[in-house]
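Working notes, structure below.
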Amino acid sequence: MRQRSPAVLLQLRLWLLAVSALPAFLGVLAADLSKEPFTIRISCGSFDDVRTSPTDTLWYRDFGYTGGRFANATRPSYIIPPLKTLRYFPLSDGPENCYNINNVPNGHYQVRLFFALLDNPNLDSEPIFDVSVEGTLFSSLLLGWSSDDEKTFAEALVFVQDSSLSVCFHSTGHGDPSILSIEVLQIDDNGYNFGPSWGKGTVLRTAKRLRCGSGKSAFDEDLHGIHWGGDRFWLGLQTLSSSSDDQSISTENVIAETLIAPNFYPRSLYQSAIVGTDRQPSLSFEMDVTPNKNYSVWLHFAEIDNGVTAEEQRVFDILINGDTAFKDVDIVRMTGERFTALVLNKTVAVSGTTLKIILQPVKGTRAIINAIEVFEIIAAEKKTLPQEVSTLRTLKGSLGLPLRFGWNGDPCVPQQHPWSGVDCQFDNTKGNWVIDGLGLDNQGLRGVIPGDISKLQHLQSINLSGNSIKGNIPTSVGTISALQVLDLSYNELNGSIPESLGQLTSLQILNLNGNRLSGRVPASLGGRPLHRARFNFTDNAGLCGIPGLRECGPHLSVAAKIGMAFGVLLAILFLVNILRAQKLAAAREAPYAKSRTQFTRDVQMAKHQRPSESSRSSNNESSPHLLS
Ligand SMILES: *[C@@H]1O[C@H](CO)[C@@H](O)[C@H](O)[C@H]1NC(C)=O
Ligand SMILES: *[C@@H]1O[C@H](CO)[C@@H](O)[C@H](O)[C@H]1NC(C)=O
Ligand SMILES: *[C@@H]1O[C@H](CO)[C@@H](O)[C@H](O)[C@H]1NC(C)=O
Ligand SMILES: *[C@@H]1O[C@H](CO)[C@@H](O)[C@H](O)[C@H]1NC(C)=O
Ligand SMILES: *[C@@H]1O[C@H](CO)[C@@H](O)[C@H](O)[C@H]1NC(C)=O
Ligand SMILES: *[C@@H]1O[C@H](CO)[C@@H](O)[C@H](O)[C@H]1NC(C)=O
């Protein structure tokens with residue numbers, strides 16, 4: 001309850017923020033350095049906005065989440081922002097939960113999540129789960145993440161295209177996903193453009209960021225980087241590998257050309273470097289990677305060594321996994337000057353589990369490197385057709401889907417974590433996922449089937465068997481033309497079977513048995529075996545009209561009822577007239593009271609002589625009228 005009103009206020013504030021920041025994004029491709037990029041930071045589980053030292057960073061109170069609970073956090077690593085609360089998602093809240101952040105201006109963002117542990121010794125301490133952004137799975141927390149600084153956060157570069165950003169947490173059954181903070185930091189629209197296959201169809205996962213030659217890990221903010229660079233975390237390294245004896249060097253000189261669109265780097269990133277030694281002039285760096293992925297490698301250089309003052313004094317080749325990525329790199333020649341940044345990028349396909357970068361001198365002195373960035377290139381998932389997503393949400397409410405279903409985020413993606421009970425198919429013509437099956441049998445559902453279900457026009461199969469679904473079968477179901485299987489058996493559906501189901505020419509199985517349906521089975525279904533489809537209408541007390549069910553008795557037809565009542569009426573009127581004539585004749589001899597008694601008995605006798613009439617249609621109620 002308490003969480004709701006601050007969230008509303010916050011939405012408003014974010015909207016104002018978005019509006020005020022809007023001019024920065026309209027029609028401006030490259031970052032406008034005079035403006036601040038759009039930024040949202042959320043302190044998950046917090047009731048209040050929080051400011052953290054030393055940079056006085058503002059974190060908004062928690063909002064935008066689909067479920068979960070708040071708790072105090074234990075931060076396992078020193079690089080994690082000093083926030084005190086987190087949000088976690090018990091399995092009872094569903095296998096996937098999300099943050100949906102609205103009013104985010106379309107553009108390119110660095111999205112970063114920090115993880116922490118619940119400050120509760122009774123709970124499983126280190127959860128393992130998957131994380132997706134905009135429907136694309138980009139991070140899987142692995143056993144031991146909480147004891148490795150670099151694994152306590154996940155970061156992706158992603159495009160926002162519909163003014164909202166969704167970040168989802170997918171349970172893998174190993175503890176409750178928990179999240180400390182979410183940062184949405186705008187970067188240049190063209191940031192980290194690695195070539196032709198870069199763009200809105202790709203998500204870049206940050207796999208590694210190293211600053212070489214400085215022992216200190218740091219964020220852009222600590223290094224006085226500008227905000228358009230995001231706020232990258234750079235792990236400090238003094239040596240590229242424990243087995244080599246490379247050296248650190250540094251300079252106080254100002255480095256030029258670090259703020260060149262689309263990427264903006266802190267100057268101090270280039271003020272330190274690792275260099276080879278005379279004994280081992282080449283440099284070698286190796287990291288573990290997920291096999292069979294493409295990686296985008298960014299290498300940063302600046303000639304800061306006092307021993308190198310001109311071209312040709314340091315020339316080296318760069319090999320990545322044995323292939324020459326760059327030949328004859330001569331920093332001074334390529335930048336034209338010393339103390340000037342040089343950024344090279346290369347995309348490589350890696351089949352094994354290691355990515356190895358070797359800088360091999362070919363002329364002059366030993367190799368040098370200032371910083372390394374490695375991104376995994378992930379194909380962005382296409383989303384589910386928006387209309388189908390909103391229809392599923394309607395269905396979730398109408399059918400009364402239990403909380404444990406989740407049904408948050410996108411139904412079909414990430415493909416590793418589709419919604420349970422939903423079958424998806426990729427529609428090549430639309431370029432979206434669509435829903436082709438609903439399997440919610442035996443789930444204890446107690447709601448009704450909404451007419452909107454027909455908006456899921458690609459459904460081929462619906463199985464809602466074995467629930468307690470009430471109400472009618474919506475007529476609109478007859479418009480789901482691709483439907484092959486409709487199993488609504490063993491529910492509490494009532495009313496009649498819509499004629500429209502006869503339009504389902506692809507139907508192969510129609511199970512409506514075990515409900516409370518009534519009326520005549522539409523001729524379009526029962527009268528002819530439609531395309532050899534299999535029907536089951538049994539165990540519906542009120543259904544009639546096809547072989548196997550009882551015949552539709554005339555008493556069930558309103559017209560028949562009226563006709564029958566009219567016949568009886570005529571017969572009685574006829575009798576009454578005869579009796580009245582008799583009565584008038586007898587009146588002269590007998591007392592009035594006696595003749596009346598006689599009359600009543602005669603009428604009743606006449607009635608009982610018509611055994612074919614059902615008792616319901618009798619004229620019990622109308623006889624007093626006739627008598628009076
Ligand atoms: C979190 O910690 C504070 C003290 O720092 C305590 O008052 C509060 O009860 C804790 N909340 C939960 C949910 O454990
Ligand atoms: C990255 O490399 C590609 C091709 O090698 C080049 O076209 C592109 O401009 C480079 N990107 C940046 C930002 O330097
Ligand atoms: C890697 O990139 C190549 C060329 O762009 C592409 O054909 C291939 O599918 C990519 N591999 C993966 C695993 O994404
Ligand atoms: C629907 O689900 C029920 C219960 O799980 C199952 O017995 C039935 O075979 C399914 N119907 C069809 C048509 O597959
Ligand atoms: C069907 O059942 C609902 C209650 O679940 C009731 O309101 C409605 O009148 C019933 N309709 C028919 C046609 O029996
Ligand atoms: C139809 O449903 C009834 C139960 O309602 C079941 O006993 C019967 O076997 C079903 N018939 C067919 C042909 O599946």
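The way I read the labels, and the way they are meant: chains A, B, ... in the order of the structure tokens, residue 1 as the first residue of every chain, and ligand 1 as the first ligand shown, with later ones counted on from there.
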At most 7 Å from ligand 3 (only C-alpha atoms and all ligand atoms): residue list as a PyMOL selection string | chain A and resi 197+292-294+349+377-379
Using all heavy atoms, can you export the residues from the last selection as a PDB file, in the first residue's frame?
ATOM      1  N   SER A 197      26.984  -4.624 -38.745  1.00  0.00           N
ATOM      2  CA  SER A 197      25.938  -5.415 -38.086  1.00  0.00           C
ATOM      3  C   SER A 197      25.511  -4.820 -36.736  1.00  0.00           C
ATOM      4  O   SER A 197      24.625  -5.344 -36.069  1.00  0.00           O
ATOM      5  CB  SER A 197      26.383  -6.868 -37.911  1.00  0.00           C
ATOM      6  OG  SER A 197      27.474  -6.941 -37.024  1.00  0.00           O
ATOM      7  N   ASN A 292      31.274 -19.873 -29.011  1.00  0.00           N
ATOM      8  CA  ASN A 292      30.360 -19.699 -30.142  1.00  0.00           C
ATOM      9  C   ASN A 292      29.557 -18.398 -30.087  1.00  0.00           C
ATOM     10  O   ASN A 292      28.359 -18.377 -30.363  1.00  0.00           O
ATOM     11  CB  ASN A 292      29.408 -20.893 -30.259  1.00  0.00           C
ATOM     12  CG  ASN A 292      30.182 -22.190 -30.417  1.00  0.00           C
ATOM     13  OD1 ASN A 292      31.154 -22.255 -31.177  1.00  0.00           O
ATOM     14  ND2 ASN A 292      29.792 -23.207 -29.670  1.00  0.00           N
ATOM     15  N   LYS A 293      30.232 -17.344 -29.689  1.00  0.00           N
ATOM     16  CA  LYS A 293      29.596 -16.028 -29.682  1.00  0.00           C
ATOM     17  C   LYS A 293      30.503 -15.070 -30.440  1.00  0.00           C
ATOM     18  O   LYS A 293      31.694 -15.324 -30.610  1.00  0.00           O
ATOM     19  CB  LYS A 293      29.428 -15.505 -28.247  1.00  0.00           C
ATOM     20  CG  LYS A 293      28.719 -16.437 -27.322  1.00  0.00           C
ATOM     21  CD  LYS A 293      27.238 -16.207 -27.355  1.00  0.00           C
ATOM     22  CE  LYS A 293      26.555 -17.088 -26.325  1.00  0.00           C
ATOM     23  NZ  LYS A 293      25.128 -17.204 -26.558  1.00  0.00           N
ATOM     24  N   ASN A 294      29.916 -13.960 -30.844  1.00  0.00           N
ATOM     25  CA  ASN A 294      30.711 -12.885 -31.432  1.00  0.00           C
ATOM     26  C   ASN A 294      31.031 -11.858 -30.354  1.00  0.00           C
ATOM     27  O   ASN A 294      30.188 -11.560 -29.518  1.00  0.00           O
ATOM     28  CB  ASN A 294      29.932 -12.226 -32.567  1.00  0.00           C
ATOM     29  CG  ASN A 294      29.775 -13.155 -33.760  1.00  0.00           C
ATOM     30  OD1 ASN A 294      30.607 -14.031 -33.985  1.00  0.00           O
ATOM     31  ND2 ASN A 294      28.713 -12.967 -34.520  1.00  0.00           N
ATOM     32  N   ALA A 349      34.649 -13.654 -33.982  1.00  0.00           N
ATOM     33  CA  ALA A 349      33.825 -14.807 -33.632  1.00  0.00           C
ATOM     34  C   ALA A 349      34.702 -15.755 -32.827  1.00  0.00           C
ATOM     35  O   ALA A 349      35.815 -16.071 -33.242  1.00  0.00           O
ATOM     36  CB  ALA A 349      33.311 -15.485 -34.892  1.00  0.00           C
ATOM     37  N   ILE A 377      28.320  -9.738 -28.364  1.00  0.00           N
ATOM     38  CA  ILE A 377      27.285  -9.234 -29.275  1.00  0.00           C
ATOM     39  C   ILE A 377      26.118 -10.211 -29.256  1.00  0.00           C
ATOM     40  O   ILE A 377      26.277 -11.396 -29.560  1.00  0.00           O
ATOM     41  CB  ILE A 377      27.832  -9.097 -30.710  1.00  0.00           C
ATOM     42  CG1 ILE A 377      29.048  -8.156 -30.708  1.00  0.00           C
ATOM     43  CG2 ILE A 377      26.751  -8.601 -31.654  1.00  0.00           C
ATOM     44  CD1 ILE A 377      29.800  -8.128 -32.039  1.00  0.00           C
ATOM     45  N   ILE A 378      24.967  -9.719 -28.866  1.00  0.00           N
ATOM     46  CA  ILE A 378      23.792 -10.581 -28.744  1.00  0.00           C
ATOM     47  C   ILE A 378      22.730 -10.075 -29.706  1.00  0.00           C
ATOM     48  O   ILE A 378      22.457  -8.871 -29.773  1.00  0.00           O
ATOM     49  CB  ILE A 378      23.243 -10.542 -27.293  1.00  0.00           C
ATOM     50  CG1 ILE A 378      24.329 -10.962 -26.303  1.00  0.00           C
ATOM     51  CG2 ILE A 378      22.011 -11.426 -27.155  1.00  0.00           C
ATOM     52  CD1 ILE A 378      23.955 -10.758 -24.847  1.00  0.00           C
ATOM     53  N   ALA A 379      22.162 -10.984 -30.479  1.00  0.00           N
ATOM     54  CA  ALA A 379      21.073 -10.583 -31.378  1.00  0.00           C
ATOM     55  C   ALA A 379      19.861 -10.233 -30.524  1.00  0.00           C
ATOM     56  O   ALA A 379      19.430 -11.026 -29.688  1.00  0.00           O
ATOM     57  CB  ALA A 379      20.741 -11.721 -32.333  1.00  0.00           C
TER      58      ALA A 379
END
Please identify all polymer residues within 9 Å of A:Leu464, counting only C-alpha atoms, omitting same-chain residues fewer than 4 positions from it, and present them as a JSON list (two decimals) with C-alpha atoms, in the first residue's frame.
[["chain", "number", "residue", "atom", "x", "y", "z"],
["A", 438, "LEU", "CA", -2.94, -21.67, -24.79],
["A", 439, "GLY", "CA", -2.54, -24.60, -22.42],
["A", 440, "LEU", "CA", -4.02, -23.71, -19.08],
["A", 441, "ASP", "CA", -5.58, -27.07, -18.28],
["A", 442, "ASN", "CA", -5.92, -28.14, -14.64],
["A", 443, "GLN", "CA", -4.76, -24.85, -13.16],
["A", 445, "LEU", "CA", -8.87, -21.20, -12.78],
["A", 469, "ILE", "CA", -14.35, -21.56, -15.47],
["A", 486, "LEU", "CA", -10.74, -26.31, -28.50],
["A", 487, "ASP", "CA", -10.86, -28.20, -25.23],
["A", 488, "LEU", "CA", -13.07, -26.54, -22.62],
["A", 489, "SER", "CA", -14.07, -29.81, -20.98],
["A", 490, "TYR", "CA", -14.64, -30.21, -17.24],
["A", 491, "ASN", "CA", -15.47, -26.63, -16.34]]
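Going from atom CA of A:Ile79 over to atom CA of A:Arg205, you cover 18.7 Å.
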Per-residue nearest contacts chain A to ligand 2, cut-off 12 Å, using only C-alpha atoms and all ligand atoms, as JSON lines:
{"residue": "A:Ala30", "atom": "CA", "partner": "ligand 2", "partner_atom_place_in_ligand_line": "13 (C)", "distance": 11.9}
{"residue": "A:Asp188", "atom": "CA", "partner": "ligand 2", "partner_atom_place_in_ligand_line": "13 (C)", "distance": 10.6}
{"residue": "A:Asp189", "atom": "CA", "partner": "ligand 2", "partner_atom_place_in_ligand_line": "13 (C)", "distance": 11.2}
{"residue": "A:Asn190", "atom": "CA", "partner": "ligand 2", "partner_atom_place_in_ligand_line": "13 (C)", "distance": 7.7}
{"residue": "A:Gly191", "atom": "CA", "partner": "ligand 2", "partner_atom_place_in_ligand_line": "13 (C)", "distance": 6.7}
{"residue": "A:Tyr192", "atom": "CA", "partner": "ligand 2", "partner_atom_place_in_ligand_line": "13 (C)", "distance": 5.4}
{"residue": "A:Asn193", "atom": "CA", "partner": "ligand 2", "partner_atom_place_in_ligand_line": "11 (N)", "distance": 5.1}
{"residue": "A:Phe194", "atom": "CA", "partner": "ligand 2", "partner_atom_place_in_ligand_line": "1 (C)", "distance": 4.1}
{"residue": "A:Gly195", "atom": "CA", "partner": "ligand 2", "partner_atom_place_in_ligand_line": "3 (C)", "distance": 4.6}
{"residue": "A:Pro196", "atom": "CA", "partner": "ligand 2", "partner_atom_place_in_ligand_line": "7 (O)", "distance": 7.6}
{"residue": "A:Ser197", "atom": "CA", "partner": "ligand 2", "partner_atom_place_in_ligand_line": "3 (C)", "distance": 10.2}
{"residue": "A:Trp198", "atom": "CA", "partner": "ligand 2", "partner_atom_place_in_ligand_line": "3 (C)", "distance": 9.7}
{"residue": "A:Thr258", "atom": "CA", "partner": "ligand 2", "partner_atom_place_in_ligand_line": "14 (O)", "distance": 12.0}
{"residue": "A:Leu259", "atom": "CA", "partner": "ligand 2", "partner_atom_place_in_ligand_line": "13 (C)", "distance": 11.6}
{"residue": "A:Ile260", "atom": "CA", "partner": "ligand 2", "partner_atom_place_in_ligand_line": "13 (C)", "distance": 9.0}
{"residue": "A:Ala261", "atom": "CA", "partner": "ligand 2", "partner_atom_place_in_ligand_line": "13 (C)", "distance": 7.7}
{"residue": "A:Pro262", "atom": "CA", "partner": "ligand 2", "partner_atom_place_in_ligand_line": "13 (C)", "distance": 6.1}
{"residue": "A:Asn263", "atom": "CA", "partner": "ligand 2", "partner_atom_place_in_ligand_line": "13 (C)", "distance": 6.6}
{"residue": "A:Phe264", "atom": "CA", "partner": "ligand 2", "partner_atom_place_in_ligand_line": "13 (C)", "distance": 10.1}
{"residue": "A:Tyr265", "atom": "CA", "partner": "ligand 2", "partner_atom_place_in_ligand_line": "13 (C)", "distance": 11.9}
{"residue": "A:Ser296", "atom": "CA", "partner": "ligand 2", "partner_atom_place_in_ligand_line": "1 (C)", "distance": 8.9}
{"residue": "A:Val297", "atom": "CA", "partner": "ligand 2", "partner_atom_place_in_ligand_line": "1 (C)", "distance": 9.2}
{"residue": "A:Trp298", "atom": "CA", "partner": "ligand 2", "partner_atom_place_in_ligand_line": "1 (C)", "distance": 8.2}
{"residue": "A:Leu299", "atom": "CA", "partner": "ligand 2", "partner_atom_place_in_ligand_line": "14 (O)", "distance": 10.2}
{"residue": "A:His300", "atom": "CA", "partner": "ligand 2", "partner_atom_place_in_ligand_line": "14 (O)", "distance": 10.8}
{"residue": "A:Ala325", "atom": "CA", "partner": "ligand 2", "partner_atom_place_in_ligand_line": "5 (O)", "distance": 9.5}
{"residue": "A:Phe326", "atom": "CA", "partner": "ligand 2", "partner_atom_place_in_ligand_line": "5 (O)", "distance": 9.6}
{"residue": "A:Ala341", "atom": "CA", "partner": "ligand 2", "partner_atom_place_in_ligand_line": "14 (O)", "distance": 11.7}
{"residue": "A:Leu342", "atom": "CA", "partner": "ligand 2", "partner_atom_place_in_ligand_line": "14 (O)", "distance": 9.3}
{"residue": "A:Val343", "atom": "CA", "partner": "ligand 2", "partner_atom_place_in_ligand_line": "14 (O)", "distance": 6.5}
{"residue": "A:Leu344", "atom": "CA", "partner": "ligand 2", "partner_atom_place_in_ligand_line": "14 (O)", "distance": 6.3}
{"residue": "A:Asn345", "atom": "CA", "partner": "ligand 2", "partner_atom_place_in_ligand_line": "1 (C)", "distance": 4.6}
{"residue": "A:Lys346", "atom": "CA", "partner": "ligand 2", "partner_atom_place_in_ligand_line": "5 (O)", "distance": 5.8}
{"residue": "A:Thr347", "atom": "CA", "partner": "ligand 2", "partner_atom_place_in_ligand_line": "5 (O)", "distance": 7.7}
{"residue": "A:Val348", "atom": "CA", "partner": "ligand 2", "partner_atom_place_in_ligand_line": "5 (O)", "distance": 10.9}
Could you tell me how far atom CA of A:Leu185 lies from atom CA of A:Thr39, in Å and to one decimal?
-> 4.7 Å
Could you give me, as an NGL selection string, every polymer residue with an atom at most 7 Å away from an atom of ligand 6, counting only C-alpha atoms and all ligand atoms?
-> :A and (513-514 or 536-539)
Next, dump the selected residues to file, keeping only N, CA, C and O atoms, as an mmCIF file, in the first residue's frame.
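The resulting file, result-v9.cif, is shown below:
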data_model
loop_
_atom_site.group_PDB
_atom_site.id
_atom_site.type_symbol
_atom_site.label_atom_id
_atom_site.label_comp_id
_atom_site.auth_asym_id
_atom_site.auth_seq_id
_atom_site.Cartn_x
_atom_site.Cartn_y
_atom_site.Cartn_z
ATOM 1 N N ASN A 513 -17.357 -31.485 -23.165
ATOM 2 C CA ASN A 513 -17.980 -32.379 -22.189
ATOM 3 C C ASN A 513 -17.685 -31.943 -20.760
ATOM 4 O O ASN A 513 -16.705 -31.251 -20.492
ATOM 5 N N GLY A 514 -18.577 -32.337 -19.866
ATOM 6 C CA GLY A 514 -18.377 -32.041 -18.454
ATOM 7 C C GLY A 514 -18.559 -30.586 -18.110
ATOM 8 O O GLY A 514 -17.765 -30.013 -17.366
ATOM 9 N N ASN A 536 -16.917 -33.848 -28.426
ATOM 10 C CA ASN A 536 -17.459 -34.490 -27.227
ATOM 11 C C ASN A 536 -18.327 -33.479 -26.496
ATOM 12 O O ASN A 536 -17.837 -32.459 -26.020
ATOM 13 N N PHE A 537 -19.623 -33.806 -26.442
ATOM 14 C CA PHE A 537 -20.582 -32.917 -25.790
ATOM 15 C C PHE A 537 -21.213 -33.577 -24.565
ATOM 16 O O PHE A 537 -22.140 -33.027 -23.992
ATOM 17 N N THR A 538 -20.719 -34.766 -24.205
ATOM 18 C CA THR A 538 -21.391 -35.504 -23.121
ATOM 19 C C THR A 538 -21.226 -34.808 -21.781
ATOM 20 O O THR A 538 -20.424 -33.890 -21.621
ATOM 21 N N ASP A 539 -22.011 -35.298 -20.809
ATOM 22 C CA ASP A 539 -21.975 -34.740 -19.450
ATOM 23 C C ASP A 539 -22.290 -33.252 -19.411
ATOM 24 O O ASP A 539 -21.632 -32.476 -18.720
#
Contacts of A:Ser420 at 9 Å or less, counting only C-alpha atoms, minus same-chain residues fewer than 2 places along, as a VMD selection string?
-> chain A and resid 405 to 407 411 417 to 418 422 to 423 439 to 440
Spatial neighbours of stretch 99-112 of chain A, max dist 8 Å, only C-alpha atoms, sep filter under 4 positions, as a ChimeraX atom specification | /A:11,14-15,18,22,25,38,63-66,153-168,182-191,230
Export of prior selection with N, CA and C atoms as an mmCIF file, in the first residue's frame:
data_model
loop_
_atom_site.group_PDB
_atom_site.id
_atom_site.type_symbol
_atom_site.label_atom_id
_atom_site.label_comp_id
_atom_site.auth_asym_id
_atom_site.auth_seq_id
_atom_site.Cartn_x
_atom_site.Cartn_y
_atom_site.Cartn_z
ATOM 1 N N GLN A 11 6.424 8.714 -11.073
ATOM 2 C CA GLN A 11 6.116 8.656 -12.505
ATOM 3 C C GLN A 11 5.977 10.070 -13.042
ATOM 4 N N LEU A 14 9.254 11.731 -13.250
ATOM 5 C CA LEU A 14 10.063 11.209 -14.351
ATOM 6 C C LEU A 14 9.558 11.769 -15.665
ATOM 7 N N TRP A 15 8.227 11.927 -15.730
ATOM 8 C CA TRP A 15 7.634 12.465 -16.940
ATOM 9 C C TRP A 15 8.144 13.881 -17.167
ATOM 10 N N ALA A 18 11.510 13.755 -18.295
ATOM 11 C CA ALA A 18 11.594 13.332 -19.689
ATOM 12 C C ALA A 18 11.287 14.513 -20.601
ATOM 13 N N LEU A 22 13.683 16.318 -23.307
ATOM 14 C CA LEU A 22 13.305 15.931 -24.654
ATOM 15 C C LEU A 22 14.104 16.592 -25.771
ATOM 16 N N PHE A 25 16.996 14.977 -27.463
ATOM 17 C CA PHE A 25 16.962 13.748 -28.249
ATOM 18 C C PHE A 25 16.293 13.913 -29.600
ATOM 19 N N PHE A 38 19.850 11.619 -20.446
ATOM 20 C CA PHE A 38 18.731 11.149 -19.624
ATOM 21 C C PHE A 38 19.233 10.039 -18.697
ATOM 22 N N PHE A 63 10.294 1.876 -7.858
ATOM 23 C CA PHE A 63 9.046 1.945 -8.639
ATOM 24 C C PHE A 63 9.189 1.082 -9.891
ATOM 25 N N GLY A 64 8.044 0.785 -10.496
ATOM 26 C CA GLY A 64 8.042 0.118 -11.808
ATOM 27 C C GLY A 64 8.106 -1.399 -11.752
ATOM 28 N N TYR A 65 8.109 -1.968 -10.562
ATOM 29 C CA TYR A 65 8.278 -3.426 -10.440
ATOM 30 C C TYR A 65 6.930 -4.129 -10.569
ATOM 31 N N THR A 66 6.962 -5.398 -10.981
ATOM 32 C CA THR A 66 5.727 -6.154 -11.177
ATOM 33 C C THR A 66 5.379 -7.007 -9.959
ATOM 34 N N PHE A 153 27.554 -7.283 -10.995
ATOM 35 C CA PHE A 153 26.665 -6.444 -11.805
ATOM 36 C C PHE A 153 26.556 -7.009 -13.209
ATOM 37 N N ALA A 154 25.494 -6.597 -13.879
ATOM 38 C CA ALA A 154 25.301 -6.977 -15.274
ATOM 39 C C ALA A 154 25.026 -5.691 -16.025
ATOM 40 N N GLU A 155 25.589 -5.599 -17.220
ATOM 41 C CA GLU A 155 25.452 -4.353 -17.964
ATOM 42 C C GLU A 155 25.244 -4.649 -19.440
ATOM 43 N N ALA A 156 24.360 -3.876 -20.048
ATOM 44 C CA ALA A 156 24.098 -4.049 -21.474
ATOM 45 C C ALA A 156 23.899 -2.694 -22.126
ATOM 46 N N LEU A 157 24.283 -2.604 -23.393
ATOM 47 C CA LEU A 157 23.989 -1.419 -24.189
ATOM 48 C C LEU A 157 22.810 -1.773 -25.073
ATOM 49 N N VAL A 158 21.757 -0.976 -24.980
ATOM 50 C CA VAL A 158 20.505 -1.364 -25.616
ATOM 51 C C VAL A 158 19.775 -0.125 -26.129
ATOM 52 N N PHE A 159 18.966 -0.325 -27.162
ATOM 53 C CA PHE A 159 18.170 0.776 -27.701
ATOM 54 C C PHE A 159 16.764 0.740 -27.113
ATOM 55 N N VAL A 160 16.273 1.907 -26.717
ATOM 56 C CA VAL A 160 14.873 2.037 -26.314
ATOM 57 C C VAL A 160 14.120 2.580 -27.519
ATOM 58 N N GLN A 161 13.082 1.864 -27.952
ATOM 59 C CA GLN A 161 12.374 2.258 -29.178
ATOM 60 C C GLN A 161 10.914 2.597 -28.968
ATOM 61 N N ASP A 162 10.359 2.239 -27.810
ATOM 62 C CA ASP A 162 8.933 2.525 -27.590
ATOM 63 C C ASP A 162 8.715 3.271 -26.280
ATOM 64 N N SER A 163 9.684 4.117 -25.940
ATOM 65 C CA SER A 163 9.589 4.985 -24.757
ATOM 66 C C SER A 163 9.467 4.231 -23.445
ATOM 67 N N SER A 164 9.708 2.933 -23.471
ATOM 68 C CA SER A 164 9.705 2.249 -22.183
ATOM 69 C C SER A 164 10.778 1.173 -22.204
ATOM 70 N N LEU A 165 11.271 0.893 -21.022
ATOM 71 C CA LEU A 165 12.353 -0.071 -20.910
ATOM 72 C C LEU A 165 11.919 -1.153 -19.941
ATOM 73 N N SER A 166 12.087 -2.416 -20.351
ATOM 74 C CA SER A 166 11.759 -3.466 -19.398
ATOM 75 C C SER A 166 12.994 -4.298 -19.100
ATOM 76 N N VAL A 167 13.184 -4.532 -17.818
ATOM 77 C CA VAL A 167 14.281 -5.370 -17.337
ATOM 78 C C VAL A 167 13.631 -6.489 -16.545
ATOM 79 N N CYS A 168 13.905 -7.739 -16.911
ATOM 80 C CA CYS A 168 13.214 -8.843 -16.243
ATOM 81 C C CYS A 168 14.201 -9.823 -15.609
ATOM 82 N N ILE A 182 19.052 -0.386 -10.289
ATOM 83 C CA ILE A 182 18.919 -0.368 -11.745
ATOM 84 C C ILE A 182 19.328 1.019 -12.222
ATOM 85 N N GLU A 183 20.223 1.071 -13.199
ATOM 86 C CA GLU A 183 20.643 2.351 -13.760
ATOM 87 C C GLU A 183 20.362 2.361 -15.253
ATOM 88 N N VAL A 184 19.747 3.412 -15.706
ATOM 89 C CA VAL A 184 19.434 3.585 -17.123
ATOM 90 C C VAL A 184 20.114 4.884 -17.539
ATOM 91 N N LEU A 185 21.250 4.763 -18.227
ATOM 92 C CA LEU A 185 22.099 5.921 -18.497
ATOM 93 C C LEU A 185 22.216 6.112 -20.006
ATOM 94 N N GLN A 186 21.760 7.230 -20.473
ATOM 95 C CA GLN A 186 21.803 7.458 -21.911
ATOM 96 C C GLN A 186 23.233 7.676 -22.398
ATOM 97 N N ILE A 187 23.512 7.092 -23.552
ATOM 98 C CA ILE A 187 24.804 7.329 -24.203
ATOM 99 C C ILE A 187 24.530 7.777 -25.634
ATOM 100 N N ASP A 188 25.551 8.080 -26.372
ATOM 101 C CA ASP A 188 25.382 8.537 -27.742
ATOM 102 C C ASP A 188 24.644 7.486 -28.577
ATOM 103 N N ASP A 189 23.763 7.963 -29.466
ATOM 104 C CA ASP A 189 22.990 7.051 -30.311
ATOM 105 C C ASP A 189 23.885 6.105 -31.105
ATOM 106 N N ASN A 190 25.109 6.546 -31.359
ATOM 107 C CA ASN A 190 26.026 5.781 -32.194
ATOM 108 C C ASN A 190 27.126 5.103 -31.369
ATOM 109 N N GLY A 191 26.972 5.164 -30.052
ATOM 110 C CA GLY A 191 28.013 4.666 -29.159
ATOM 111 C C GLY A 191 28.357 3.206 -29.435
ATOM 112 N N GLY A 230 28.177 7.351 -20.068
ATOM 113 C CA GLY A 230 27.580 6.414 -19.124
ATOM 114 C C GLY A 230 28.363 6.535 -17.828
#
Could you give me the residues within 8 Å of ligand 1, counting only C-alpha atoms and all ligand atoms, as a VMD selection string?
-> chain A and resid 70 to 72 84 to 85 119 to 120
For the residues in that selection, give me C-alpha atoms as an mmCIF file, in the first residue's frame.
data_model
loop_
_atom_site.group_PDB
_atom_site.id
_atom_site.type_symbol
_atom_site.label_atom_id
_atom_site.label_comp_id
_atom_site.auth_asym_id
_atom_site.auth_seq_id
_atom_site.Cartn_x
_atom_site.Cartn_y
_atom_site.Cartn_z
ATOM 1 C CA PHE A 70 11.705 -5.506 -0.222
ATOM 2 C CA ALA A 71 14.406 -6.435 2.235
ATOM 3 C CA ASN A 72 17.614 -5.137 3.713
ATOM 4 C CA LYS A 84 20.731 -0.441 1.962
ATOM 5 C CA THR A 85 17.726 -2.192 0.445
ATOM 6 C CA ASP A 119 20.306 -9.655 4.815
ATOM 7 C CA ASN A 120 18.571 -12.729 6.181
#
